[in-house]
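Asker: Quick one, target.cif (mmCIF, C-alpha atoms and all ligand atoms):
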data_work
loop_
_atom_site.label_atom_id
_atom_site.label_comp_id
_atom_site.auth_asym_id
_atom_site.auth_seq_id
_atom_site.Cartn_x
_atom_site.Cartn_y
_atom_site.Cartn_z
CA MET A 8 28.72 72.81 4.21
CA PRO A 9 31.69 70.81 2.78
CA LEU A 10 30.42 68.12 0.42
CA VAL A 11 32.46 64.94 0.44
CA HIS A 12 32.02 62.59 -2.52
CA ILE A 13 32.61 59.06 -1.29
CA PRO A 14 33.49 56.25 -3.72
CA GLY A 15 31.03 53.41 -4.33
CA SER A 16 30.18 50.71 -1.81
CA LYS A 17 32.49 47.71 -1.86
CA SER A 18 29.73 45.39 -0.67
CA ILE A 19 27.19 46.60 -3.23
CA THR A 20 29.72 46.51 -6.08
CA ALA A 21 30.73 42.91 -5.26
CA ARG A 22 27.11 41.74 -5.06
CA ALA A 23 26.18 43.62 -8.22
CA LEU A 24 29.05 41.96 -10.10
CA PHE A 25 27.89 38.50 -8.96
CA LEU A 26 24.24 39.19 -9.78
CA ALA A 27 25.08 40.73 -13.16
CA ALA A 28 27.28 37.76 -14.07
CA ALA A 29 24.53 35.29 -13.16
CA ALA A 30 21.72 37.25 -14.83
CA ASP A 31 20.11 36.78 -18.21
CA GLY A 32 21.29 39.75 -20.30
CA VAL A 33 23.64 42.71 -20.02
CA THR A 34 23.73 44.68 -16.75
CA THR A 35 25.10 48.20 -16.36
CA LEU A 36 26.51 49.16 -12.96
CA GLY A 37 26.64 52.88 -12.26
CA ARG A 38 29.60 54.28 -10.28
CA PRO A 39 31.05 50.94 -9.10
CA LEU A 40 33.87 51.07 -6.58
CA ARG A 41 37.27 50.89 -8.23
CA SER A 42 39.61 49.44 -5.64
CA ASP A 43 41.71 46.34 -5.13
CA ASP A 44 38.79 44.32 -3.74
CA THR A 45 36.37 45.11 -6.53
CA GLU A 46 38.99 45.01 -9.31
CA GLY A 47 39.90 41.59 -7.92
CA PHE A 48 36.25 40.53 -8.07
CA ALA A 49 35.93 41.73 -11.69
CA GLU A 50 39.21 40.01 -12.62
CA GLY A 51 37.89 36.80 -11.05
CA LEU A 52 34.79 37.01 -13.24
CA THR A 53 36.96 37.55 -16.31
CA ARG A 54 38.97 34.45 -15.39
CA LEU A 55 35.70 32.52 -15.24
CA GLY A 56 34.96 33.69 -18.79
CA TYR A 57 32.51 36.53 -18.14
CA ARG A 58 32.88 39.79 -20.08
CA VAL A 59 33.20 42.91 -17.94
CA GLY A 60 33.32 46.13 -20.02
CA ARG A 61 34.31 49.45 -18.55
CA THR A 62 33.66 53.13 -19.12
CA PRO A 63 34.86 55.78 -16.65
CA ASP A 64 31.58 55.78 -14.70
CA SER A 65 30.11 52.35 -15.30
CA TRP A 66 30.81 48.66 -15.80
CA GLN A 67 28.83 46.44 -18.17
CA VAL A 68 28.62 42.73 -17.46
CA ASP A 69 27.40 40.12 -19.95
CA GLY A 70 25.43 37.69 -17.83
CA ARG A 71 25.60 33.92 -18.31
CA PRO A 72 22.74 32.12 -16.53
CA GLN A 73 24.34 28.83 -17.59
CA GLY A 74 27.46 29.62 -15.49
CA PRO A 75 31.13 30.30 -16.27
CA ALA A 76 32.14 30.31 -19.93
CA VAL A 77 35.24 28.22 -19.26
CA THR A 78 35.50 24.70 -17.84
CA THR A 79 38.78 25.30 -16.01
CA ALA A 80 40.01 28.44 -14.27
CA ASP A 81 42.45 29.54 -11.64
CA VAL A 82 41.09 32.53 -9.70
CA TYR A 83 43.20 34.66 -7.37
CA CYS A 84 40.96 36.48 -4.88
CA ARG A 85 43.63 38.86 -3.51
CA ASP A 86 42.68 40.18 -0.01
CA GLY A 87 38.96 40.38 -0.69
CA ALA A 88 36.70 38.21 1.44
CA THR A 89 33.70 39.05 -0.76
CA THR A 90 35.61 37.69 -3.76
CA ALA A 91 36.97 34.72 -1.81
CA ARG A 92 33.58 33.76 -0.41
CA PHE A 93 31.11 34.75 -3.15
CA LEU A 94 32.88 33.66 -6.35
CA PRO A 95 33.30 29.97 -5.40
CA THR A 96 29.50 29.68 -5.06
CA LEU A 97 29.03 31.21 -8.51
CA ALA A 98 31.49 28.67 -9.90
CA ALA A 99 29.74 25.83 -8.04
CA ALA A 100 26.60 26.51 -10.08
CA GLY A 101 28.55 25.97 -13.31
CA HIS A 102 30.20 22.98 -14.96
CA GLY A 103 33.95 22.62 -14.75
CA THR A 104 36.92 22.54 -12.43
CA TYR A 105 37.72 25.82 -10.73
CA ARG A 106 40.55 26.59 -8.36
CA PHE A 107 40.51 29.55 -5.96
CA ASP A 108 43.40 31.00 -4.01
CA ALA A 109 43.95 34.23 -2.09
CA SER A 110 46.59 36.38 -0.40
CA ALA A 111 48.33 35.19 2.77
CA GLN A 112 46.03 37.53 4.72
CA MET A 113 42.90 36.04 3.15
CA ARG A 114 44.19 32.46 3.41
CA ARG A 115 44.24 32.93 7.20
CA ARG A 116 40.59 34.02 7.32
CA PRO A 117 37.94 31.33 7.96
CA LEU A 118 35.75 29.74 5.32
CA ALA A 119 34.69 26.42 6.87
CA PRO A 120 30.98 27.05 7.58
CA LEU A 121 30.48 28.05 3.94
CA THR A 122 32.44 25.20 2.39
CA ARG A 123 30.77 22.71 4.75
CA ALA A 124 27.35 23.98 3.62
CA LEU A 125 28.38 23.71 -0.04
CA ARG A 126 29.51 20.13 0.54
CA ASP A 127 26.22 19.38 2.34
CA LEU A 128 24.52 20.56 -0.87
CA GLY A 129 26.54 18.04 -2.86
CA VAL A 130 29.29 20.31 -4.19
CA ASP A 131 32.60 18.52 -4.79
CA LEU A 132 34.95 20.88 -2.96
CA VAL A 133 38.50 20.19 -1.76
CA HIS A 134 40.64 22.40 0.49
CA GLU A 135 44.08 21.95 -1.02
CA GLU A 136 46.05 22.87 2.10
CA ALA A 137 44.41 23.74 5.43
CA GLU A 138 40.86 22.46 5.95
CA GLY A 139 38.43 25.38 5.94
CA HIS A 140 40.77 27.83 4.22
CA HIS A 141 41.90 28.86 0.75
CA PRO A 142 43.18 27.50 -1.61
CA LEU A 143 40.27 25.33 -2.72
CA ARG A 144 39.18 23.38 -5.78
CA ILE A 145 35.60 22.91 -6.93
CA THR A 146 34.55 20.32 -9.48
CA ALA A 147 31.23 21.84 -10.40
CA ASN A 148 28.24 20.12 -11.90
CA GLY A 149 25.39 22.46 -11.03
CA VAL A 150 23.64 22.51 -7.64
CA THR A 151 20.31 20.76 -7.06
CA GLY A 152 19.47 22.76 -3.94
CA GLY A 153 17.35 21.78 -0.95
CA ASP A 154 17.76 22.37 2.79
CA VAL A 155 20.97 23.38 4.51
CA THR A 156 21.95 24.62 7.97
CA LEU A 157 24.49 27.42 8.39
CA ASP A 158 26.34 29.00 11.30
CA ALA A 159 27.04 32.60 10.24
CA GLY A 160 28.14 33.70 13.71
CA GLN A 161 31.62 34.51 12.47
CA SER A 162 30.71 36.09 9.13
CA SER A 163 27.49 37.02 7.36
CA GLN A 164 29.36 36.58 4.08
CA TYR A 165 28.79 32.81 4.29
CA LEU A 166 25.05 33.44 4.26
CA THR A 167 25.27 36.03 1.48
CA ALA A 168 27.25 33.57 -0.66
CA LEU A 169 24.58 30.88 -0.23
CA LEU A 170 21.70 33.31 -0.76
CA LEU A 171 23.25 34.52 -4.01
CA LEU A 172 23.56 30.88 -5.12
CA GLY A 173 19.90 30.10 -4.33
CA PRO A 174 18.23 31.22 -7.59
CA LEU A 175 20.91 29.38 -9.58
CA THR A 176 20.00 25.99 -8.07
CA ARG A 177 17.53 23.60 -9.71
CA ASP A 178 15.09 23.39 -6.79
CA GLY A 179 15.88 26.50 -4.76
CA LEU A 180 17.42 26.70 -1.29
CA ARG A 181 16.19 26.79 2.27
CA ILE A 182 18.94 28.02 4.58
CA LYS A 183 18.39 27.58 8.32
CA VAL A 184 20.62 30.05 10.13
CA THR A 185 21.80 29.12 13.64
CA ASP A 186 23.74 32.33 14.34
CA LEU A 187 24.35 35.55 12.42
CA VAL A 188 26.60 38.62 12.72
CA SER A 189 26.57 41.73 10.52
CA GLU A 190 22.90 41.20 9.71
CA PRO A 191 22.46 44.47 7.75
CA TYR A 192 24.78 43.02 5.09
CA VAL A 193 22.27 40.22 4.57
CA GLU A 194 19.58 42.84 4.06
CA ILE A 195 21.76 44.41 1.34
CA THR A 196 21.98 40.98 -0.27
CA THR A 197 18.27 40.19 -0.24
CA SER A 198 17.32 43.67 -1.41
CA MET A 199 19.75 43.47 -4.33
CA MET A 200 18.66 39.93 -5.23
CA ARG A 201 15.10 41.23 -5.53
CA ALA A 202 16.31 44.11 -7.72
CA PHE A 203 17.71 41.42 -10.04
CA GLY A 204 14.36 39.56 -10.09
CA ALA A 205 14.88 36.89 -7.43
CA ASP A 206 12.32 35.62 -4.92
CA VAL A 207 13.90 35.46 -1.44
CA ARG A 208 12.08 35.41 1.89
CA ARG A 209 13.13 35.52 5.54
CA GLU A 210 10.95 33.30 7.73
CA ASP A 211 11.03 33.41 11.52
CA ASP A 212 8.85 30.71 13.12
CA GLY A 213 9.84 31.64 16.67
CA ASN A 214 12.37 28.76 16.83
CA GLY A 215 14.83 30.24 14.37
CA VAL A 216 15.30 31.98 11.08
CA THR A 217 15.22 30.35 7.66
CA TYR A 218 15.86 32.05 4.33
CA ALA A 219 13.85 30.58 1.45
CA VAL A 220 15.17 31.25 -2.05
CA ALA A 221 13.17 30.22 -5.12
CA PRO A 222 14.86 28.90 -8.26
CA GLY A 223 14.51 30.88 -11.47
CA GLY A 224 17.75 32.81 -11.92
CA TYR A 225 18.30 36.57 -12.15
CA ARG A 226 17.26 39.28 -14.62
CA ALA A 227 19.76 41.83 -15.92
CA THR A 228 19.10 45.42 -14.94
CA THR A 229 20.70 48.85 -14.58
CA TYR A 230 21.99 49.31 -11.06
CA ALA A 231 23.42 52.43 -9.39
CA VAL A 232 25.96 51.76 -6.64
CA GLU A 233 25.59 53.84 -3.43
CA PRO A 234 28.62 55.57 -1.88
CA ASP A 235 30.35 53.35 0.70
CA ALA A 236 28.95 53.97 4.19
CA SER A 237 31.95 52.41 5.98
CA THR A 238 34.27 54.76 4.07
CA ALA A 239 32.00 57.69 4.93
CA SER A 240 32.47 56.87 8.64
CA TYR A 241 35.99 58.38 8.60
CA PHE A 242 34.71 61.70 7.29
CA PHE A 243 31.73 61.77 9.66
CA ALA A 244 34.00 60.91 12.61
CA ALA A 245 36.41 63.65 11.54
CA ALA A 246 33.59 66.20 11.55
CA ALA A 247 32.47 65.10 15.02
CA LEU A 248 36.03 65.24 16.31
CA THR A 249 37.01 68.59 14.86
CA GLY A 250 33.79 70.50 15.44
CA THR A 251 33.18 70.90 11.70
CA GLU A 252 30.54 69.78 9.23
CA VAL A 253 30.57 67.11 6.53
CA THR A 254 27.78 66.29 4.10
CA VAL A 255 27.88 63.07 2.09
CA PRO A 256 25.51 63.16 -0.90
CA GLY A 257 24.06 59.85 -2.11
CA LEU A 258 23.80 58.31 1.35
CA GLY A 259 20.48 59.09 2.97
CA ALA A 260 17.38 57.69 4.61
CA GLY A 261 16.87 55.00 1.95
CA ALA A 262 20.47 53.77 1.98
CA LEU A 263 20.94 50.01 1.87
CA GLN A 264 24.04 49.93 4.04
CA GLY A 265 23.75 49.34 7.77
CA ASP A 266 27.08 51.09 8.37
CA LEU A 267 25.34 54.43 7.87
CA ARG A 268 24.00 53.79 11.41
CA PHE A 269 27.44 54.85 12.60
CA VAL A 270 26.05 58.39 12.55
CA ASP A 271 23.65 57.35 15.33
CA VAL A 272 26.70 56.53 17.46
CA LEU A 273 28.12 59.97 16.70
CA ARG A 274 24.75 61.52 17.62
CA ARG A 275 24.83 59.73 20.99
CA MET A 276 28.33 61.15 21.48
CA GLY A 277 27.12 64.70 20.97
CA ALA A 278 27.32 65.39 17.22
CA ARG A 279 24.40 66.89 15.31
CA VAL A 280 23.18 64.48 12.61
CA ASP A 281 20.79 65.26 9.78
CA VAL A 282 19.77 62.32 7.58
CA ARG A 283 17.81 63.49 4.52
CA ASP A 284 16.48 61.38 1.64
CA ASP A 285 19.57 61.87 -0.48
CA ARG A 286 22.37 62.91 1.88
CA THR A 287 23.62 62.83 5.45
CA THR A 288 25.23 65.68 7.36
CA VAL A 289 27.25 65.38 10.57
CA THR A 290 28.15 68.53 12.47
CA GLY A 291 30.58 68.41 15.35
CA THR A 292 29.40 70.38 18.36
CA GLY A 293 32.61 70.41 20.37
CA GLU A 294 31.18 67.70 22.59
CA VAL A 295 32.40 64.09 22.33
CA ARG A 296 30.77 62.00 25.05
CA GLY A 297 31.80 58.54 26.22
CA LEU A 298 29.34 55.67 25.77
CA THR A 299 28.83 51.91 25.70
CA VAL A 300 27.72 50.64 22.31
CA ASN A 301 26.95 47.26 20.76
CA MET A 302 28.50 47.18 17.27
CA ARG A 303 27.57 43.62 16.23
CA ASP A 304 25.63 44.97 13.23
CA ILE A 305 28.18 47.57 12.12
CA SER A 306 31.55 46.22 13.18
CA ASP A 307 33.53 47.63 10.22
CA THR A 308 33.10 50.97 11.98
CA MET A 309 34.51 49.70 15.30
CA PRO A 310 38.04 50.95 14.47
CA THR A 311 36.60 54.36 13.47
CA LEU A 312 35.01 54.73 16.87
CA ALA A 313 38.08 53.38 18.69
CA ALA A 314 40.20 55.99 16.92
CA ILE A 315 38.13 58.96 18.13
CA ALA A 316 37.38 57.48 21.56
CA PRO A 317 40.47 58.95 23.28
CA PHE A 318 38.94 62.41 22.88
CA ALA A 319 35.70 61.53 24.63
CA SER A 320 34.72 62.96 27.99
CA GLY A 321 34.45 59.45 29.48
CA PRO A 322 35.19 55.79 28.68
CA VAL A 323 34.09 54.33 25.34
CA ARG A 324 33.19 50.65 25.49
CA ILE A 325 32.46 48.75 22.28
CA GLU A 326 30.78 45.36 22.72
CA ASP A 327 29.83 42.24 20.76
CA VAL A 328 32.53 42.53 18.10
CA ALA A 329 34.33 39.16 18.39
CA ASN A 330 34.26 38.74 14.62
CA THR A 331 36.51 41.78 14.16
CA ARG A 332 39.27 39.40 15.27
CA VAL A 333 39.00 37.51 11.95
CA LYS A 334 38.99 40.42 9.52
CA GLU A 335 42.02 41.77 7.62
CA CYS A 336 43.75 41.47 11.00
CA ASP A 337 42.72 40.99 14.62
CA ARG A 338 41.18 44.45 14.81
CA LEU A 339 40.55 44.45 18.57
CA ASP A 340 44.22 43.74 19.24
CA ALA A 341 45.42 46.08 16.49
CA CYS A 342 43.30 48.98 17.77
CA ALA A 343 44.44 48.38 21.35
CA GLU A 344 48.11 48.12 20.40
CA ASN A 345 48.03 51.30 18.33
CA LEU A 346 46.07 53.31 20.88
CA ARG A 347 48.65 52.28 23.50
CA ARG A 348 51.41 53.41 21.14
CA LEU A 349 49.76 56.84 21.23
CA GLY A 350 49.65 56.77 25.03
CA VAL A 351 46.00 55.82 25.53
CA GLU A 352 44.77 53.45 28.24
CA VAL A 353 42.87 50.52 26.71
CA ALA A 354 41.47 47.18 27.84
CA THR A 355 40.14 44.36 25.66
CA GLY A 356 38.25 41.09 26.13
CA PRO A 357 37.20 38.32 23.75
CA ASP A 358 34.56 40.49 22.11
CA TRP A 359 35.00 44.01 23.48
CA ILE A 360 37.33 46.95 23.77
CA GLU A 361 37.24 49.79 26.28
CA ILE A 362 39.10 53.04 25.70
CA ARG A 363 39.72 55.20 28.78
CA PRO A 364 40.53 58.78 27.83
CA GLY A 365 42.61 61.11 29.93
CA ALA A 366 46.29 60.30 29.40
CA PRO A 367 48.30 62.72 27.25
CA MET A 368 48.75 61.53 23.67
CA ALA A 369 51.77 61.77 21.37
CA GLY A 370 52.31 60.81 17.72
CA ALA A 371 53.66 57.34 16.88
CA ASP A 372 54.09 54.95 13.96
CA ILE A 373 50.86 52.97 13.56
CA LYS A 374 51.27 49.26 12.90
CA THR A 375 48.70 48.63 10.20
CA TYR A 376 48.88 44.83 9.74
CA GLY A 377 48.01 45.56 6.10
CA ASP A 378 44.51 46.60 7.21
CA HIS A 379 42.97 49.52 5.33
CA ARG A 380 40.60 50.32 8.19
CA ILE A 381 43.42 50.69 10.71
CA VAL A 382 45.00 53.33 8.45
CA MET A 383 41.83 55.23 7.68
CA SER A 384 40.69 55.19 11.32
CA PHE A 385 43.98 56.44 12.76
CA ALA A 386 44.15 59.10 10.04
CA VAL A 387 41.13 60.57 11.85
CA THR A 388 43.05 60.51 15.15
CA GLY A 389 45.83 62.26 13.23
CA LEU A 390 43.61 65.32 12.85
CA ARG A 391 44.11 65.92 16.56
CA VAL A 392 47.48 64.28 17.29
CA PRO A 393 50.47 65.49 15.24
CA GLY A 394 53.17 63.02 14.21
CA ILE A 395 51.07 59.94 13.38
CA THR A 396 52.65 57.84 10.61
CA PHE A 397 51.81 54.40 9.16
CA ASP A 398 54.04 51.44 8.41
CA ASP A 399 51.94 50.62 5.31
CA PRO A 400 49.81 53.61 4.29
CA GLY A 401 49.19 52.09 0.83
CA CYS A 402 47.03 49.25 2.16
CA VAL A 403 44.03 51.60 1.78
CA ARG A 404 44.02 50.38 -1.82
CA LYS A 405 41.73 47.54 -0.68
CA THR A 406 38.70 49.84 -0.62
CA PHE A 407 39.83 53.44 -1.20
CA PRO A 408 43.05 53.91 -3.22
CA ASP A 409 42.78 57.73 -3.11
CA PHE A 410 42.02 57.92 0.60
CA HIS A 411 45.07 59.96 1.60
CA THR A 412 44.53 62.58 -1.13
CA GLU A 413 40.78 62.82 -0.57
CA PHE A 414 40.94 62.85 3.23
CA GLY A 415 43.77 65.39 3.12
CA ALA A 416 41.76 67.62 0.80
CA ALA A 417 38.60 67.35 2.91
CA PHE A 418 40.62 68.06 6.01
CA ALA A 419 42.14 71.18 4.51
CA GLU A 420 38.61 72.38 3.92
CA LEU A 421 37.52 71.26 7.38
CA ARG A 422 40.35 73.22 8.93
CA ARG A 423 39.38 76.36 7.05
CA GLY A 424 35.85 75.94 8.39
CA MET A 425 36.80 75.00 11.94
CA SER A 426 34.45 76.45 14.50
CA GLY A 427 36.54 76.20 17.61
CA GLY A 428 35.93 72.54 18.40
CA PRO A 429 37.58 70.81 21.33
CA SER A 430 41.33 71.29 21.56
CA ALA A 431 43.93 68.55 21.20
CA ASN A 432 44.94 66.54 24.24
O1 LIG A 501 29.05 41.09 2.90
C1 LIG A 501 29.81 42.05 2.90
O2 LIG A 501 29.96 42.76 1.88
C2 LIG A 501 30.55 42.38 4.13
C3 LIG A 501 30.16 41.84 5.33
C4 LIG A 501 30.86 42.14 6.59
O3 LIG A 501 31.63 41.01 6.94
P1 LIG A 501 31.22 39.95 8.09
O4 LIG A 501 29.88 39.44 7.77
O5 LIG A 501 32.30 38.92 7.96
O6 LIG A 501 31.23 40.67 9.42
C5 LIG A 501 31.80 43.33 6.48
O7 LIG A 501 32.67 43.34 7.56
C6 LIG A 501 32.60 43.28 5.19
O8 LIG A 501 33.45 44.39 5.09
C7 LIG A 501 31.70 43.29 4.00
C1 LIG A 502 36.23 43.17 6.67
C2 LIG A 502 36.37 43.84 5.54
O1 LIG A 502 36.48 43.32 4.31
P1 LIG A 502 36.21 41.87 3.71
O2 LIG A 502 35.68 41.00 4.82
O3 LIG A 502 35.20 42.06 2.63
O4 LIG A 502 37.53 41.42 3.18
C3 LIG A 502 36.42 45.32 5.56
O5 LIG A 502 36.35 45.92 4.47
O6 LIG A 502 36.51 45.92 6.65
#
If you took the structure in this file and wrote it as structure tokens, what would it be?
Answerer:
Amino acid sequence: MPLVHIPGSKSITARALFLAAAADGVTTLGRPLRSDDTEGFAEGLTRLGYRVGRTPDSWQVDGRPQGPAVTTADVYCRDGATTARFLPTLAAAGHGTYRFDASAQMRRRPLAPLTRALRDLGVDLVHEEAEGHHPLRITANGVTGGDVTLDAGQSSQYLTALLLLGPLTRDGLRIKVTDLVSEPYVEITTSMMRAFGADVRREDDGNGVTYAVAPGGYRATTYAVEPDASTASYFFAAAALTGTEVTVPGLGAGALQGDLRFVDVLRRMGARVDVRDDRTTVTGTGEVRGLTVNMRDISDTMPTLAAIAPFASGPVRIEDVANTRVKECDRLDACAENLRRLGVEVATGPDWIEIRPGAPMAGADIKTYGDHRIVMSFAVTGLRVPGITFDDPGCVRKTFPDFHTEFGAAFAELRRGMSGGPSAN
């Protein structure tokens, strides 16, 4: 039973850093993710005057309920949308002038519903170049709070950013949500806010959903970061595809991350899945069935599924994933283009992709568009198709700098344990 130790969750690490910075006291984060996104988040906090101490297995953050320790700062958010969307709201609760910028990739990604909501709450926020995009400047003077309406149909991160801000406002926040994707990420947010002492409630009156967040700040705590469920998807998919077994300790029935539900997709495709309290095991059975699946809640795993779909016994159709077009790249187009490069028949629409297995496949250079998930997903395909290379293999640094070493090592073990799974096309 090969055990695969997956690095910490990006989403949980980013939220924990925010919450720890805003809390009263010193917080210790156990096994945070160390990657470009989370290092960028921690660096952003440092720029805002927070102290982030490090030991090999933990980070300690000195919280400042009164907000950033500096009155001016220039924060570079790199490629990380969690940094680029969460940190400006932390700064808004402080007192000073704070400028945020990001990589060319992140500058292209949308921000408008969040910045509009912040302006509606009275925050003085200017987009320095394109409206609704980085770079932006905030002249912060605390946030009174009140009622605000938000369209989170393109990204749940807008809602998470506002929720995290709620306890830092004078009167609390009521956020009426008109649309929402990636809802499990909001559940991570509310669960973690409660772990840091906040009072947050989801109210559904039959006409719509409102999140009510009480004022009162956050309390420092000790917080252990779960392994990253999106990262685990590559290893689980590899097991399903190669007829082998992978166990990921630390991700089990109580996991916060919705992306662990990817194993349910693998189960529907024919894999054996065993979710225990403290670990999850996927065993490939040699059967990979086609299916139609709605991935609105778990769309970071869409490329993982697309990458194993060519080996299914019938078409694989993935629906309701329009927002994957505004991630690190247009993931629907990038998956389709790369599958075609390998010889696979693919069709796409505004919010779906359909992979039709059957054509012979051959190795090719994968065009990554600087997207870590394109690399990690097609590395799984590479277990069955020799000759796959990547134009930018290093972009995995965003969430998993050691991916190639770790996946290679796990694969070596997988190969030794192979139980005669399905043969390559
Ligand atoms: O809040 C988070 O940590 C995330 C939310 C999701 O984004 P969207 O809500 O934009 O789909 C996910 O894709 C991203 O990797 C991380
Ligand atoms: C979409 C992603 O990242 P983010 O939105 O946090 O930049 C991702 O990690 O797949």
Asker: Distance cut-off 6 Å, centre (17.7, 33.3, 13.8) in file coordinates, counting only C-alpha atoms: which residues qualify? Return them as an MDAnalysis selection string.
Answerer: chainID A and resid 184:185 215:216
Asker: Using all atoms listed in the file, which residue out of A:Glu194, A:Glu326, A:Asp31, A:Asp108 lies closest to ligand LIG 501 (chain A)?
Answerer: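 Once distances to ligand LIG 501 (chain A) are computed over all atoms listed in the file, the minimum belongs to A:Glu194.
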Asker: Set the distance at 9 Å and use all atoms listed in the file: which residues neighbour stretch 357-371 of chain A once local chain neighbours fewer than 3 positions away are removed? I'd like the list as number ranges by chain.
Answerer: A: 297, 299, 313, 316-332, 339-340, 342-343, 345-346, 348-354, 389, 392-397, 431-432
Asker: Fewer than 5 positions away in the same chain doesn't count, so skip those; otherwise give me all residues within 12 Å of A:Arg274, counting only C-alpha atoms, as number ranges by chain.
Answerer: A: 243-244, 246-248, 268-269, 279-282, 288-292, 294-298
Asker: Around ligand LIG 502 (chain A), at most 6 Å away and counting only C-alpha atoms and all ligand atoms, which residues are there? Put them as a PyMOL selection string, please.
Answerer: chain A and resi 87-89+307+334
Asker: Do you have the atom CA of A:Thr53-atom CA of A:Leu121 distance handy?
Answerer: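 Those two atoms sit 23.3 Å apart.
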Asker: Kindly provide, as a ChimeraX atom specification, all nucleotide and amino acid residues lying within 10 Å of ligand LIG 501 (chain A), counting all atoms listed in the file.
Answerer: /A:16-22,87-90,92-93,116-117,159-168,187-196,237,264,266,303-308,328-331,333-335,380,406
Asker: Give the answer as one residue: which of A:Ala260, A:Val77, A:Met200, A:Thr35 has the shortest atom-to-atom distance to A:Gly60, using all atoms listed in the file?
Answerer: A:Thr35
Asker: Between A:Gly261, A:Pro400, A:Pro310, A:Pro256, which residue has the minimum interatomic distance to A:Ser198, considering all atoms listed in the file?
Answerer: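 For A:Ser198, the nearest of the given residues is A:Gly261.
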Asker: Between atom CA of A:Ser42 and atom CA of A:Leu273, what is the distance in Å, rounded to a tenth?
Answerer: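 The value is 27.2 Å.
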Asker: For the atom pair atom CA of A:Leu125 and atom CA of A:Pro95, what is the interatomic distance in Å to one decimal place?
Answerer: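 Computing the Euclidean distance for atom CA of A:Leu125 and atom CA of A:Pro95 yields 9.6 Å.
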Asker: Kindly provide the residues of stretch 118-226 of chain A that approach stretch 80-86 of chain A to within 12 Å, each paired with its closest atom pair and their distance in Å to one decimal, based on all atoms listed in the file, listed by chain and increasing number, as a Markdown table.
Answerer:
| residue | atom | partner | partner_atom | distance |
| --- | --- | --- | --- | --- |
| A:His141 | CA | A:Cys84 | CA | 9.5 |
| A:Pro142 | CA | A:Tyr83 | CA | 9.2 |
| A:Leu143 | CA | A:Val82 | CA | 10.1 |
| A:Arg144 | CA | A:Asp81 | CA | 9.1 |
| A:Ile145 | CA | A:Ala80 | CA | 10.2 |
| A:Thr146 | CA | A:Ala80 | CA | 10.9 |
| A:Ala147 | CA | A:Ala80 | CA | 11.6 |
Asker: Please provide as a PyMOL selection string all residues within 12 Å of A:Pro39, with the sequence filter that same-chain residues fewer than 4 positions apart are discarded (counting all atoms listed in the file).
Answerer: chain A and resi 13-24+35+44-46+48-49+61-68+229-235+406
Asker: Can you fill out stretch 176-187 of chain A with N, CA and C atoms and hand it back as a PDB file, keeping the file's coordinate frame?
Answerer:
ATOM      1  N   THR A 176      20.165  27.431  -8.303  1.00  0.00           N
ATOM      2  CA  THR A 176      20.000  25.990  -8.070  1.00  0.00           C
ATOM      3  C   THR A 176      18.744  25.488  -8.803  1.00  0.00           C
ATOM      4  N   ARG A 177      18.678  24.161  -8.977  1.00  0.00           N
ATOM      5  CA  ARG A 177      17.530  23.600  -9.710  1.00  0.00           C
ATOM      6  C   ARG A 177      16.228  23.725  -8.923  1.00  0.00           C
ATOM      7  N   ASP A 178      16.319  23.436  -7.601  1.00  0.00           N
ATOM      8  CA  ASP A 178      15.090  23.390  -6.790  1.00  0.00           C
ATOM      9  C   ASP A 178      14.934  24.548  -5.813  1.00  0.00           C
ATOM     10  N   GLY A 179      15.908  25.429  -5.768  1.00  0.00           N
ATOM     11  CA  GLY A 179      15.880  26.500  -4.760  1.00  0.00           C
ATOM     12  C   GLY A 179      16.559  26.039  -3.477  1.00  0.00           C
ATOM     13  N   LEU A 180      16.701  26.982  -2.534  1.00  0.00           N
ATOM     14  CA  LEU A 180      17.420  26.700  -1.290  1.00  0.00           C
ATOM     15  C   LEU A 180      16.602  27.140  -0.103  1.00  0.00           C
ATOM     16  N   ARG A 181      16.695  26.342   0.968  1.00  0.00           N
ATOM     17  CA  ARG A 181      16.190  26.790   2.270  1.00  0.00           C
ATOM     18  C   ARG A 181      17.370  26.753   3.219  1.00  0.00           C
ATOM     19  N   ILE A 182      17.735  27.930   3.744  1.00  0.00           N
ATOM     20  CA  ILE A 182      18.940  28.020   4.580  1.00  0.00           C
ATOM     21  C   ILE A 182      18.505  28.334   6.010  1.00  0.00           C
ATOM     22  N   LYS A 183      18.703  27.359   6.896  1.00  0.00           N
ATOM     23  CA  LYS A 183      18.390  27.580   8.320  1.00  0.00           C
ATOM     24  C   LYS A 183      19.640  28.171   8.964  1.00  0.00           C
ATOM     25  N   VAL A 184      19.466  29.327   9.604  1.00  0.00           N
ATOM     26  CA  VAL A 184      20.620  30.050  10.130  1.00  0.00           C
ATOM     27  C   VAL A 184      20.660  29.923  11.651  1.00  0.00           C
ATOM     28  N   THR A 185      21.739  29.344  12.187  1.00  0.00           N
ATOM     29  CA  THR A 185      21.800  29.120  13.640  1.00  0.00           C
ATOM     30  C   THR A 185      22.382  30.323  14.378  1.00  0.00           C
ATOM     31  N   ASP A 186      23.180  31.128  13.711  1.00  0.00           N
ATOM     32  CA  ASP A 186      23.740  32.330  14.340  1.00  0.00           C
ATOM     33  C   ASP A 186      24.100  33.289  13.202  1.00  0.00           C
ATOM     34  N   LEU A 187      24.078  34.590  13.497  1.00  0.00           N
ATOM     35  CA  LEU A 187      24.350  35.550  12.420  1.00  0.00           C
ATOM     36  C   LEU A 187      24.923  36.845  12.979  1.00  0.00           C
TER      37      LEU A 187
END
